[in-house]
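Working notes for the structure below.
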Amino acid sequence: MSDPIISLTTDFGEDSPYVAAMKGVILSINPAARLIDLSHQIPPQDVRHAAFFLAAAVPCFPADVLHLVVVDPGVGSDRALLYVLVNGHRLLVPDNGCWALLERSASGPPAVIRLAEPRYWRHPVSATFHGRDILAPVAGHLSRGVDPMTLGPVVSEWVRLEERPPTVARDRLVGEVVFVDHFGNLITNIPGEAFAVLAGRPVRITVGEHEVPRHVRTYADAEPGSLVALVSSMGTVEVAVAQGSAAQRLRADVGERVTLMVEGNA
Amino acid sequence: MSDPIISLTTDFGEDSPYVAAMKGVILSINPAARLIDLSHQIPPQDVRHAAFFLAAAVPCFPADVLHLVVVDPGVGSDRALLYVLVNGHRLLVPDNGCWALLERSASGPPAVIRLAEPRYWRHPVSATFHGRDILAPVAGHLSRGVDPMTLGPVVSEWVRLEERPPTVARDRLVGEVVFVDHFGNLITNIPGEAFAVLAGRPVRITVGEHEVPRHVRTYADAEPGSLVALVSSMGTVEVAVAQGSAAQRLRADVGERVTLMVEGNA
Amino acid sequence: MSDPIISLTTDFGEDSPYVAAMKGVILSINPAARLIDLSHQIPPQDVRHAAFFLAAAVPCFPADVLHLVVVDPGVGSDRALLYVLVNGHRLLVPDNGCWALLERSASGPPAVIRLAEPRYWRHPVSATFHGRDILAPVAGHLSRGVDPMTLGPVVSEWVRLEERPPTVARDRLVGEVVFVDHFGNLITNIPGEAFAVLAGRPVRITVGEHEVPRHVRTYADAEPGSLVALVSSMGTVEVAVAQGSAAQRLRADVGERVTLMVEGNA
C-alpha cells in the first residue's frame with residue numbers, strides 16, 4: 001500500500017507563509033503523508049469559486065485521498081469545521097458551502113462530522129488561522145488512521161450554497177456564467193445536452209447583450225479569435241474565444257446571463 | 001522510515017525553468033527525495049520577505065526536513081553559501097541574512113558550515129545559477145546521508161539582517177509593518193502581548209496617518225469592510241480589513257510606521 | 001526502487017481546476033505515482049515558451065521521470081498526441097513542436113509513438129480536455145509499467161518548431177531574444193562562446209536600438225541597476241539589469257533583435 005495522500009486547496013497564494021506552515025504541521029504529525037497541491041490561487045474568500053473548483057477536481061481523485069480545503073472568510077467566528085464523506089470522497093472544510101456542489105452530484109447522502117475534539121489540534125489555537133491550527137493537524141492524524149468518528153459529533157445541518165438553476169421557457173433556456181477559467185472561457189450552468197436537444201434547429205446564443213455567432217464541437221473547429229459556444233470539459237455550455245479570452249472580449253464575469261433561444265419558434 | 005524530504009523556497013516564479021531545473025538536479029542525485037514546494041513567489045531578490053516567510057514556516061516543520069532556499073541577489077559574487085542547523089532545523093541558504101529571524105527565536109546558537117567542497121557540486125558551475133549548480137546537488141547529497149561536516153569549514157561569521165525593533169515610550173509603542181500578506185493584511189513587529197498589557201485602557205492605533213478604529217480578537221468580530229487591529233497568527237499586531245485588503249485601503253507597505261498610543265495618559 | 005515520478009508542465013494556471021483534475025486521474029490509475037509540478041504558468045497556448053522551458057529543465061532530470069506536457073492550442077483538432085523518447089528522456093506531449101528543442105541537443109534520433117489505443121484513455125473523451133482524458137491516464141498506465149509500444153504506432157513525422165538561428169557576418173553576430181525570464185532577463189539565441197571568440201576585441205552589443213554598455217561574468221560584477229550582457233545559465237548570451245528588469249528597462253520581448261558587433265573592424 002502506498003503512503004496516504006493529502007491534497008491542499010486554499011486561497012492563500014504562495015507569497016505568504018500560510019501554505020508552507022500547514023504543510024509543516026501535517027508532516028510534523030505524519031512525515032509519511034504525501035502532499036498534493038490542488039490550488040493556492042482560489043480568489044481570496046471566494047467560496048463559490050472554491051465550490052466549482054472542487055466539483056470539477058475532486059471526483060477525478062481516488063476515494064482514499066483526503067482533501068484539505070481552506071477558503072475561510074468566517075475564521076474565528078462560530079462557523080464549524082467539518083469532516084465530510086461525500087460520494088466516497090473525504091474532505092476537511094470550513095462549513096461555508098464550499099463542498100456543496102459535490103453533494104449535488106452524489107449518489108447518496110453525505111456523512112458529516114463537526115470537528116470538536118481539541119486533542120487533535122495544535123495549541124494554542126490562534127483566532128485567525130484555523131487551517132494551521134485545526135484542519136492541518138486533524139488531516140495529519142486522519143492520515144495516520146485516526147477514526148473520523150472520534151473527531152466530533154455527527155451533524156445533520158450544514159451551510160448550503162445558494163444556486164440559481166437555469167430556467168426553461170417555451171423557446172429559451174436562461175442560465176448564467178458560473179466560472180471563468182484561466183483562459184477566459186466562460187463556463188455556464190446550462191447543461192451541454194441543450195445543444196443535442198436543440199440539434200438541427202436554429203439557436204441564438206447570447207451572453208449579456210452579446211451574440212455568440214456559432215456553436216462548435218471544439219476550439220479547433222473555430223477560427224483563432226472567433227467567439228463560439230461549445231460543451232465544456234465539465235459537460236456544460238461554455239462560451240470561448242478560440243486562442244483568446246471570452247471574458248476579456250465580452251467583459252463578462254461570473255453571474256452574467258446566458259441565453260439559448262430557438263429562433264422562428266415564437 | 002519514510003523517504004527524506006527537501007523543501008524549496010525561491011523567488012524564481014513558475015514561468016521560468018529554474019525551479020524545474022533544480023528539482024531535476026536533486027532527483028538525479030537522489031530519486032527517492034520527496035520535494036515539497038514552500039514558495040516560488042518570494043518577490044524577486046527580496047531577502048527580507050524571505051526571512052519573514054521562513055520564520056513563519058520553518059518552525060512548523062519536523063526537524064529532519066532539509067530546507068533549500070534560493071533568494072540570492074548576490075549570486076556570482078563572493079557571498080558564501082551556507083548549511084545551517086538552527087533550533088533543530090536544517091537549511092541550505094545564500095549568506096544574505098534570509099535565515100536570520102530563525103536564529104532570533106532559537107534556543108541555542110546555530111551551527112553554520114560554508115559550502116566549499118566542489119565534489120558535491122554540478123560542473124561546470126555557472127556564474128549565475130548557484131541554486132541549480134551548488135545548492136540543489138548539495139541538497140541531493142545531504143538527503144542521501146552525506147555528513148554536513150564534509151561540505152566545508154564551520155564558520156562563526158555570517159550576514160545578519162538589520163532590524164529595527166519597536167520602540168517603547170511612556171505612552172506609546174512605535175513599530176512598523178514588516179510583512180504584507182496575500183490578503184493585504186499588514187503584519188507588524190509589535191508583539192501581540194501589547195494588547196494584553198494595555199487591556200482596559202483606551203488605545204489609539206495608527207498606521208502612518210490613518211487611525212485604526214477598533215481592535216478585535218478575530219476577523220469575524222468585525223463588519224466586512226471595516227478596518228481593525230488584531231493579533232496575527234504569528235503572534236504580532238496585525239492591521240486588517242475584514243474580507244478586504246488593508247494594504248490597498250491604507251496604501252501601506254513594508255516599513256510603514258505603526259503606533260499604539262495610550263490615550264488620556266500623557 | 002522508489003515509486004515512479006511524473007512531472008507536469010501546463011499553461012493551466014492554478015485558479016482553474018484543470019491541473020487538479022489531471023492529478024486525480026493519474027492517482028486514480030496509479031496511487032503510487034509521485035507527482036512533481038514543473039510549471040502551470042506557461043503563458044496560455046505559448047508553444048514556443050514551453051519548448052524553451054522544457055529544453056532548460058528536462059535535461060536536468062534523471063531519465064526515468066515521465067514528463068507530461070499540456071500546452072495544447074490544437075486540442076480537439078486532428079493534431080496527434082505523442083509519446084516521445086528523446087535523449088533518454090520520456091515525454092507525453094501534443095504534437096505541436098513543444099519538445100523540439102530537446103531533439104536539437106540530442107545525441108541520437110528520438111523514438112516517437114502516436115497515442116492511438118483508447119483502452120488507456122478516460123471515457124468519454126471530451127473534445128476540449130485531452131490532458132485529463134488522454135495524456136493523464138496514459139501517464140498513469142505508463143507509470144505502472146505499460147509498454148510504450150502498445151500505445152499506438154511508431155511515427156516518423158512530427159511538427160517541428162520554426163527557428164531562426166543567429167546569422168554571422170564579417171563583423172557582427174545577429175540573433176534575437178528567445179525567452180524573457182521571471183526577473184526580466186533577456187535570454188538570446190546567441191551562443192555564449194561568442195564572448196570568448198571576441199575576447200579582447202572591443203564589442204558593441206545592442207538590443208533593438210539600445211546599447212548594452214558592458215559585458216560581465218555575473219550579475220554581481222555589475223552595479224545594481226546597470227544594464228549588462230553576460231552568459232546565461234543556459235549558456236547563451238543574456239542581457240540583464242542587475243537587481244532589476246531588462247525587459248522593462250528596454251521594453252523588449254521575445255523576438256527582439258540582438259547584435260554583437262566588433263568595433264573598428266569594418
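Residues in the C-alpha cells are numbered from 1 in each chain, the chains being A, B, ... in the order shown, and ligands are numbered from 1 in the order shown.
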Legend entry - Distance-based interface of chain C with chain B, 8 Å, counting only C-alpha atoms, as number ranges by chain: C: 2-3, 36-43, 53-54, 56-62, 181-183, 217-221, 232-233, 243
Write the residues of the selection above to a file with N, CA and C atoms, as a compact mmCIF listing (two decimals), in the first residue's frame.
# COMPACT_ATOMS: atom_id res chain seq x y z
N SER C 2 12.50 3.38 -5.95
CA SER C 2 11.47 4.31 -5.47
C SER C 2 10.30 4.35 -6.45
N ASP C 3 9.20 4.94 -5.99
CA ASP C 3 7.99 4.99 -6.81
C ASP C 3 8.22 5.84 -8.05
N ILE C 36 5.32 15.71 -9.63
CA ILE C 36 6.22 16.86 -9.46
C ILE C 36 5.72 17.97 -10.38
N ASP C 37 5.37 19.10 -9.80
CA ASP C 37 4.97 20.25 -10.63
C ASP C 37 6.20 20.92 -11.21
N LEU C 38 6.28 21.03 -12.53
CA LEU C 38 7.35 21.86 -13.13
C LEU C 38 6.84 23.28 -13.31
N SER C 39 5.71 23.43 -13.98
CA SER C 39 5.11 24.76 -14.11
C SER C 39 3.67 24.62 -14.56
N HIS C 40 2.82 25.49 -14.03
CA HIS C 40 1.48 25.64 -14.60
C HIS C 40 1.30 27.09 -15.06
N GLN C 41 2.42 27.77 -15.22
CA GLN C 41 2.41 29.19 -15.59
C GLN C 41 3.04 29.42 -16.97
N ILE C 42 3.07 28.37 -17.81
CA ILE C 42 3.43 28.63 -19.20
C ILE C 42 2.36 29.58 -19.75
N PRO C 43 2.76 30.68 -20.44
CA PRO C 43 1.71 31.59 -20.94
C PRO C 43 0.73 30.83 -21.85
N PHE C 53 11.26 26.29 -22.14
CA PHE C 53 11.18 25.83 -20.75
C PHE C 53 11.66 24.38 -20.64
N LEU C 54 11.12 23.53 -21.50
CA LEU C 54 11.47 22.10 -21.43
C LEU C 54 12.93 21.87 -21.77
N ALA C 56 15.38 23.74 -21.09
CA ALA C 56 16.22 24.10 -19.95
C ALA C 56 16.02 23.17 -18.76
N ALA C 57 14.82 22.58 -18.65
CA ALA C 57 14.50 21.81 -17.45
C ALA C 57 14.70 20.31 -17.61
N VAL C 58 14.18 19.74 -18.67
CA VAL C 58 14.15 18.27 -18.80
C VAL C 58 15.53 17.64 -18.72
N PRO C 59 16.57 18.21 -19.37
CA PRO C 59 17.89 17.55 -19.30
C PRO C 59 18.45 17.45 -17.89
N CYS C 60 17.94 18.24 -16.95
CA CYS C 60 18.41 18.14 -15.56
C CYS C 60 17.85 16.92 -14.84
N PHE C 61 16.81 16.29 -15.39
CA PHE C 61 16.13 15.20 -14.69
C PHE C 61 16.77 13.85 -14.99
N PRO C 62 16.59 12.91 -14.05
CA PRO C 62 17.01 11.54 -14.37
C PRO C 62 16.11 10.98 -15.47
N ASP C 181 12.82 35.83 -18.80
CA ASP C 181 12.57 35.07 -17.58
C ASP C 181 11.84 35.89 -16.53
N HIS C 182 11.57 35.26 -15.39
CA HIS C 182 10.79 35.85 -14.31
C HIS C 182 11.39 37.16 -13.79
N PHE C 183 12.71 37.33 -13.94
CA PHE C 183 13.38 38.54 -13.45
C PHE C 183 13.45 39.62 -14.53
N ARG C 217 30.88 38.90 -16.09
CA ARG C 217 30.82 37.46 -15.87
C ARG C 217 29.53 37.08 -15.14
N THR C 218 29.10 37.94 -14.24
CA THR C 218 27.92 37.61 -13.43
C THR C 218 27.25 38.88 -12.93
N TYR C 219 25.97 38.79 -12.52
CA TYR C 219 25.23 39.95 -12.06
C TYR C 219 26.00 40.74 -11.01
N ALA C 220 26.71 40.01 -10.15
CA ALA C 220 27.36 40.66 -9.02
C ALA C 220 28.52 41.55 -9.46
N ASP C 221 28.98 41.39 -10.71
CA ASP C 221 30.06 42.25 -11.21
C ASP C 221 29.52 43.59 -11.69
N SER C 232 24.24 33.37 -19.93
CA SER C 232 23.13 32.89 -19.11
C SER C 232 23.43 31.51 -18.55
N SER C 233 22.60 31.07 -17.61
CA SER C 233 22.77 29.73 -17.04
C SER C 233 22.48 28.65 -18.07
N GLN C 243 19.80 43.31 -10.41
CA GLN C 243 18.73 43.57 -9.44
C GLN C 243 17.58 44.40 -10.01
Inset, instruction - Would you kindly return, as an MDAnalysis selection string, each protein, DNA or RNA residue with an atom no farther than 7 Å from any atom of C:Val203, considering only C-alpha atoms and excluding same-chain residues fewer than 2 positions away? - result: chainID C and resid 201 205 260:263
Please identify all polymer residues within 12 Å of C:Val254, counting only C-alpha atoms, omitting same-chain residues fewer than 4 positions from it, and present them as a PDB file with C-alpha atoms, in the first residue's frame.
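The result, stored in out30.pdb:
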ATOM      1  CA  ASP C  46       2.562  29.588 -25.965  1.00  0.00           C
ATOM      2  CA  ARG C  48       7.486  28.374 -28.035  1.00  0.00           C
ATOM      3  CA  HIS C  49       7.719  29.304 -24.338  1.00  0.00           C
ATOM      4  CA  PHE C  52      12.328  26.753 -24.249  1.00  0.00           C
ATOM      5  CA  GLY C 175      20.357  36.926 -33.019  1.00  0.00           C
ATOM      6  CA  GLU C 176      17.206  37.540 -31.054  1.00  0.00           C
ATOM      7  CA  VAL C 177      15.615  37.310 -27.634  1.00  0.00           C
ATOM      8  CA  VAL C 178      14.126  33.816 -27.300  1.00  0.00           C
ATOM      9  CA  PHE C 179      12.961  33.918 -23.674  1.00  0.00           C
ATOM     10  CA  VAL C 180      12.196  36.523 -21.042  1.00  0.00           C
ATOM     11  CA  ASP C 181      12.568  35.065 -17.581  1.00  0.00           C
ATOM     12  CA  GLY C 184      13.041  40.245 -16.828  1.00  0.00           C
ATOM     13  CA  ASN C 185      16.382  38.902 -18.051  1.00  0.00           C
ATOM     14  CA  LEU C 186      16.505  38.634 -21.841  1.00  0.00           C
ATOM     15  CA  ILE C 187      17.837  35.253 -22.946  1.00  0.00           C
ATOM     16  CA  THR C 188      19.064  35.223 -26.554  1.00  0.00           C
ATOM     17  CA  ASN C 189      19.877  32.503 -29.067  1.00  0.00           C
ATOM     18  CA  VAL C 207      19.132  45.140 -28.127  1.00  0.00           C
ATOM     19  CA  GLY C 208      16.884  46.766 -30.701  1.00  0.00           C
ATOM     20  CA  ALA C 247      12.608  43.568 -20.209  1.00  0.00           C
ATOM     21  CA  VAL C 258      20.213  41.411 -30.512  1.00  0.00           C
TER      22      VAL C 258
END
When you look at B:Asp147 with a cut-off of 12 Å (counting only C-alpha atoms), what residues show up, excluding the ones that are within fewer than 4 positions of it in the same chain? I need them as a short mmCIF file (atom, residue, chain, number, x, y, z; two decimals) with N, CA and C atoms, in the first residue's frame.
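Wrote it out as around.cif, contents follow:
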data_model
loop_
_atom_site.label_atom_id
_atom_site.label_comp_id
_atom_site.auth_asym_id
_atom_site.auth_seq_id
_atom_site.Cartn_x
_atom_site.Cartn_y
_atom_site.Cartn_z
N TYR B 83 25.33 25.88 4.88
CA TYR B 83 24.48 24.88 5.51
C TYR B 83 24.29 25.34 6.95
N ILE B 113 27.98 25.98 8.35
CA ILE B 113 29.08 25.46 7.54
C ILE B 113 29.06 26.16 6.19
N TYR B 120 30.64 17.90 -4.33
CA TYR B 120 29.19 17.76 -4.20
C TYR B 120 28.43 18.70 -5.14
N VAL B 138 24.00 19.75 -3.55
CA VAL B 138 24.35 19.53 -2.14
C VAL B 138 23.13 18.99 -1.38
N ALA B 139 21.94 19.55 -1.68
CA ALA B 139 20.72 19.04 -1.03
C ALA B 139 20.51 17.56 -1.37
N HIS B 141 22.77 15.33 -2.14
CA HIS B 141 23.75 14.51 -1.42
C HIS B 141 23.42 14.42 0.07
N LEU B 142 23.05 15.56 0.68
CA LEU B 142 22.68 15.53 2.10
C LEU B 142 21.52 14.57 2.33
N SER B 143 20.55 14.57 1.40
CA SER B 143 19.38 13.71 1.59
C SER B 143 19.75 12.23 1.46
N LEU B 151 31.02 19.13 4.04
CA LEU B 151 30.64 20.10 2.99
C LEU B 151 31.60 21.29 2.94
N GLY B 152 32.27 21.55 4.06
CA GLY B 152 33.17 22.70 4.11
C GLY B 152 33.43 23.06 5.56
#
Legend entry - Residues near A:Phe195, cut-off 9 Å, only C-alpha atoms, skip fewer than 2 positions along chain, as a VMD selection string: chain A and resid 191 to 193 197 to 199 203 215 230 to 231 237
Inset, instruction - Please report, as a PyMOL selection string, each residue of stretch 27-90 of chain B to which DSSP assigns strand (DSSP E) when run on this structure's backbone. - result: chain B and resi 34-39+66-70+81-86+89-90
Take the residues from that selection and write them out as a PDB file, in the first residue's frame, keeping N, CA and C atoms.
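Below you can see part.pdb, which holds the result:
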ATOM      1  N   ARG B  34      11.779  13.443  -1.492  1.00  0.00           N
ATOM      2  CA  ARG B  34      10.408  13.949  -1.632  1.00  0.00           C
ATOM      3  C   ARG B  34      10.465  15.474  -1.611  1.00  0.00           C
ATOM      4  N   LEU B  35      10.019  16.098  -2.712  1.00  0.00           N
ATOM      5  CA  LEU B  35      10.139  17.545  -2.863  1.00  0.00           C
ATOM      6  C   LEU B  35       8.847  18.225  -2.437  1.00  0.00           C
ATOM      7  N   ILE B  36       8.967  19.235  -1.599  1.00  0.00           N
ATOM      8  CA  ILE B  36       7.810  19.997  -1.116  1.00  0.00           C
ATOM      9  C   ILE B  36       8.021  21.459  -1.495  1.00  0.00           C
ATOM     10  N   ASP B  37       7.122  22.021  -2.297  1.00  0.00           N
ATOM     11  CA  ASP B  37       7.216  23.444  -2.629  1.00  0.00           C
ATOM     12  C   ASP B  37       6.704  24.277  -1.460  1.00  0.00           C
ATOM     13  N   LEU B  38       7.543  25.176  -0.958  1.00  0.00           N
ATOM     14  CA  LEU B  38       7.033  26.140   0.031  1.00  0.00           C
ATOM     15  C   LEU B  38       6.558  27.396  -0.694  1.00  0.00           C
ATOM     16  N   SER B  39       7.414  27.975  -1.517  1.00  0.00           N
ATOM     17  CA  SER B  39       7.002  29.123  -2.319  1.00  0.00           C
ATOM     18  C   SER B  39       8.007  29.359  -3.421  1.00  0.00           C
ATOM     19  N   LEU B  66      14.922  19.099   5.067  1.00  0.00           N
ATOM     20  CA  LEU B  66      16.007  19.979   4.625  1.00  0.00           C
ATOM     21  C   LEU B  66      15.393  21.103   3.791  1.00  0.00           C
ATOM     22  N   HIS B  67      15.638  22.356   4.201  1.00  0.00           N
ATOM     23  CA  HIS B  67      15.013  23.494   3.521  1.00  0.00           C
ATOM     24  C   HIS B  67      16.019  24.167   2.597  1.00  0.00           C
ATOM     25  N   LEU B  68      15.719  24.135   1.318  1.00  0.00           N
ATOM     26  CA  LEU B  68      16.586  24.723   0.303  1.00  0.00           C
ATOM     27  C   LEU B  68      16.000  26.086  -0.079  1.00  0.00           C
ATOM     28  N   VAL B  69      16.793  27.131   0.089  1.00  0.00           N
ATOM     29  CA  VAL B  69      16.294  28.496  -0.105  1.00  0.00           C
ATOM     30  C   VAL B  69      17.159  29.206  -1.145  1.00  0.00           C
ATOM     31  N   VAL B  70      16.523  29.697  -2.227  1.00  0.00           N
ATOM     32  CA  VAL B  70      17.281  30.428  -3.228  1.00  0.00           C
ATOM     33  C   VAL B  70      16.627  31.780  -3.489  1.00  0.00           C
ATOM     34  N   LEU B  81      27.800  30.389   0.401  1.00  0.00           N
ATOM     35  CA  LEU B  81      26.595  29.567   0.506  1.00  0.00           C
ATOM     36  C   LEU B  81      26.752  28.740   1.781  1.00  0.00           C
ATOM     37  N   LEU B  82      25.647  28.581   2.518  1.00  0.00           N
ATOM     38  CA  LEU B  82      25.752  28.010   3.867  1.00  0.00           C
ATOM     39  C   LEU B  82      24.833  26.811   4.074  1.00  0.00           C
ATOM     40  N   TYR B  83      25.331  25.883   4.877  1.00  0.00           N
ATOM     41  CA  TYR B  83      24.475  24.879   5.509  1.00  0.00           C
ATOM     42  C   TYR B  83      24.293  25.341   6.951  1.00  0.00           C
ATOM     43  N   VAL B  84      23.030  25.443   7.378  1.00  0.00           N
ATOM     44  CA  VAL B  84      22.741  25.981   8.704  1.00  0.00           C
ATOM     45  C   VAL B  84      21.904  24.987   9.499  1.00  0.00           C
ATOM     46  N   LEU B  85      22.280  24.760  10.711  1.00  0.00           N
ATOM     47  CA  LEU B  85      21.450  23.983  11.643  1.00  0.00           C
ATOM     48  C   LEU B  85      21.038  24.951  12.743  1.00  0.00           C
ATOM     49  N   VAL B  86      19.755  25.303  12.762  1.00  0.00           N
ATOM     50  CA  VAL B  86      19.296  26.322  13.706  1.00  0.00           C
ATOM     51  C   VAL B  86      18.032  25.822  14.404  1.00  0.00           C
ATOM     52  N   HIS B  89      16.438  22.836  12.967  1.00  0.00           N
ATOM     53  CA  HIS B  89      16.054  22.851  11.559  1.00  0.00           C
ATOM     54  C   HIS B  89      17.281  23.008  10.669  1.00  0.00           C
ATOM     55  N   ARG B  90      17.273  22.339   9.514  1.00  0.00           N
ATOM     56  CA  ARG B  90      18.397  22.347   8.591  1.00  0.00           C
ATOM     57  C   ARG B  90      18.075  23.146   7.343  1.00  0.00           C
TER      58      ARG B  90
END
Give me every alpha helix (DSSP H) residue in stretch 29-244 of chain B, going by DSSP on the backbone, as a PDB file with N, CA and C atoms, in the first residue's frame.
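Dumped everything to part_0.pdb:
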ATOM      1  N   ILE B  29      20.300  13.058  -8.310  1.00  0.00           N
ATOM      2  CA  ILE B  29      21.232  12.584  -7.279  1.00  0.00           C
ATOM      3  C   ILE B  29      20.527  11.657  -6.298  1.00  0.00           C
ATOM      4  N   VAL B  47      15.213  39.639   0.187  1.00  0.00           N
ATOM      5  CA  VAL B  47      15.753  38.818   1.264  1.00  0.00           C
ATOM      6  C   VAL B  47      14.926  38.977   2.541  1.00  0.00           C
ATOM      7  N   ARG B  48      14.454  40.169   2.777  1.00  0.00           N
ATOM      8  CA  ARG B  48      13.677  40.447   3.982  1.00  0.00           C
ATOM      9  C   ARG B  48      12.334  39.692   3.957  1.00  0.00           C
ATOM     10  N   HIS B  49      11.691  39.675   2.795  1.00  0.00           N
ATOM     11  CA  HIS B  49      10.460  38.898   2.640  1.00  0.00           C
ATOM     12  C   HIS B  49      10.732  37.417   2.908  1.00  0.00           C
ATOM     13  N   ALA B  50      11.840  36.929   2.342  1.00  0.00           N
ATOM     14  CA  ALA B  50      12.203  35.529   2.546  1.00  0.00           C
ATOM     15  C   ALA B  50      12.432  35.238   4.019  1.00  0.00           C
ATOM     16  N   ALA B  51      13.085  36.150   4.714  1.00  0.00           N
ATOM     17  CA  ALA B  51      13.389  35.947   6.130  1.00  0.00           C
ATOM     18  C   ALA B  51      12.103  35.826   6.946  1.00  0.00           C
ATOM     19  N   PHE B  52      11.153  36.719   6.656  1.00  0.00           N
ATOM     20  CA  PHE B  52       9.891  36.650   7.374  1.00  0.00           C
ATOM     21  C   PHE B  52       9.147  35.359   7.048  1.00  0.00           C
ATOM     22  N   PHE B  53       9.118  35.031   5.754  1.00  0.00           N
ATOM     23  CA  PHE B  53       8.453  33.809   5.290  1.00  0.00           C
ATOM     24  C   PHE B  53       8.999  32.592   6.031  1.00  0.00           C
ATOM     25  N   LEU B  54      10.326  32.472   6.049  1.00  0.00           N
ATOM     26  CA  LEU B  54      10.944  31.294   6.671  1.00  0.00           C
ATOM     27  C   LEU B  54      10.688  31.263   8.177  1.00  0.00           C
ATOM     28  N   ALA B  55      10.685  32.441   8.812  1.00  0.00           N
ATOM     29  CA  ALA B  55      10.457  32.483  10.258  1.00  0.00           C
ATOM     30  C   ALA B  55       9.059  31.990  10.611  1.00  0.00           C
ATOM     31  N   ALA B  56       8.088  32.207   9.702  1.00  0.00           N
ATOM     32  CA  ALA B  56       6.721  31.759   9.980  1.00  0.00           C
ATOM     33  C   ALA B  56       6.514  30.300   9.583  1.00  0.00           C
ATOM     34  N   ALA B  57       7.281  29.830   8.601  1.00  0.00           N
ATOM     35  CA  ALA B  57       7.008  28.493   8.056  1.00  0.00           C
ATOM     36  C   ALA B  57       7.890  27.404   8.653  1.00  0.00           C
ATOM     37  N   ALA B 100      17.913  34.758   9.129  1.00  0.00           N
ATOM     38  CA  ALA B 100      18.264  35.451  10.377  1.00  0.00           C
ATOM     39  C   ALA B 100      17.168  35.394  11.433  1.00  0.00           C
ATOM     40  N   LEU B 101      15.904  35.474  11.029  1.00  0.00           N
ATOM     41  CA  LEU B 101      14.842  35.539  12.024  1.00  0.00           C
ATOM     42  C   LEU B 101      14.640  34.198  12.718  1.00  0.00           C
ATOM     43  N   LEU B 102      15.133  33.118  12.100  1.00  0.00           N
ATOM     44  CA  LEU B 102      15.069  31.819  12.767  1.00  0.00           C
ATOM     45  C   LEU B 102      16.065  31.773  13.916  1.00  0.00           C
ATOM     46  N   GLU B 103      17.188  32.460  13.724  1.00  0.00           N
ATOM     47  CA  GLU B 103      18.199  32.471  14.769  1.00  0.00           C
ATOM     48  C   GLU B 103      17.667  33.202  16.003  1.00  0.00           C
ATOM     49  N   ARG B 104      16.943  34.288  15.730  1.00  0.00           N
ATOM     50  CA  ARG B 104      16.446  35.129  16.816  1.00  0.00           C
ATOM     51  C   ARG B 104      15.627  34.345  17.825  1.00  0.00           C
ATOM     52  N   HIS B 130      23.625  29.383  -8.997  1.00  0.00           N
ATOM     53  CA  HIS B 130      24.174  28.508  -7.973  1.00  0.00           C
ATOM     54  C   HIS B 130      23.097  27.644  -7.327  1.00  0.00           C
ATOM     55  N   ALA B 136      21.279  22.802  -5.060  1.00  0.00           N
ATOM     56  CA  ALA B 136      20.452  21.615  -5.342  1.00  0.00           C
ATOM     57  C   ALA B 136      21.266  20.326  -5.251  1.00  0.00           C
ATOM     58  N   PRO B 137      22.452  20.254  -5.880  1.00  0.00           N
ATOM     59  CA  PRO B 137      23.194  18.992  -5.735  1.00  0.00           C
ATOM     60  C   PRO B 137      23.623  18.713  -4.295  1.00  0.00           C
ATOM     61  N   VAL B 138      23.996  19.750  -3.550  1.00  0.00           N
ATOM     62  CA  VAL B 138      24.352  19.527  -2.142  1.00  0.00           C
ATOM     63  C   VAL B 138      23.129  18.994  -1.383  1.00  0.00           C
ATOM     64  N   ALA B 139      21.940  19.550  -1.677  1.00  0.00           N
ATOM     65  CA  ALA B 139      20.719  19.039  -1.035  1.00  0.00           C
ATOM     66  C   ALA B 139      20.514  17.562  -1.367  1.00  0.00           C
ATOM     67  N   GLY B 140      20.719  17.214  -2.629  1.00  0.00           N
ATOM     68  CA  GLY B 140      20.573  15.809  -3.028  1.00  0.00           C
ATOM     69  C   GLY B 140      21.521  14.908  -2.249  1.00  0.00           C
ATOM     70  N   HIS B 141      22.768  15.330  -2.140  1.00  0.00           N
ATOM     71  CA  HIS B 141      23.749  14.509  -1.423  1.00  0.00           C
ATOM     72  C   HIS B 141      23.422  14.424   0.073  1.00  0.00           C
ATOM     73  N   LEU B 142      23.048  15.558   0.679  1.00  0.00           N
ATOM     74  CA  LEU B 142      22.676  15.529   2.100  1.00  0.00           C
ATOM     75  C   LEU B 142      21.516  14.565   2.334  1.00  0.00           C
ATOM     76  N   SER B 143      20.553  14.570   1.403  1.00  0.00           N
ATOM     77  CA  SER B 143      19.380  13.710   1.589  1.00  0.00           C
ATOM     78  C   SER B 143      19.751  12.232   1.457  1.00  0.00           C
ATOM     79  N   GLU B 193       1.266  40.803  22.708  1.00  0.00           N
ATOM     80  CA  GLU B 193       1.072  40.995  24.144  1.00  0.00           C
ATOM     81  C   GLU B 193       0.771  42.453  24.478  1.00  0.00           C
ATOM     82  N   ALA B 194       1.136  43.360  23.594  1.00  0.00           N
ATOM     83  CA  ALA B 194       0.850  44.776  23.837  1.00  0.00           C
ATOM     84  C   ALA B 194      -0.628  44.991  24.147  1.00  0.00           C
ATOM     85  N   PHE B 195      -1.493  44.262  23.432  1.00  0.00           N
ATOM     86  CA  PHE B 195      -2.926  44.414  23.679  1.00  0.00           C
ATOM     87  C   PHE B 195      -3.283  43.996  25.108  1.00  0.00           C
ATOM     88  N   ALA B 196      -2.663  42.901  25.536  1.00  0.00           N
ATOM     89  CA  ALA B 196      -2.970  42.405  26.878  1.00  0.00           C
ATOM     90  C   ALA B 196      -2.508  43.404  27.929  1.00  0.00           C
ATOM     91  N   VAL B 197      -1.291  43.913  27.739  1.00  0.00           N
ATOM     92  CA  VAL B 197      -0.723  44.861  28.693  1.00  0.00           C
ATOM     93  C   VAL B 197      -1.596  46.108  28.801  1.00  0.00           C
TER      94      VAL B 197
END
Inset, instruction - Record the distance separating atom CA of A:Arg122 and atom CA of A:Ile134, expressed in Å with one decimal. - result: 6.3 Å
Legend entry - Pairwise distance for atom CA of B:Glu211 and atom CA of B:Ala246, rounded to one decimal in Å: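 Result for atom CA of B:Glu211 versus atom CA of B:Ala246: 12.0 Å, one decimal.
With only C-alpha atoms as the atoms that count, the residue of C:Trp99, C:Leu173, C:Leu161, C:Pro124 with the shortest distance to A:Met234 is C:Pro124.
For the atom pair formed by atom CA of B:Arg144 and atom CA of B:Val159, the distance is 28.6 Å, given to one decimal.
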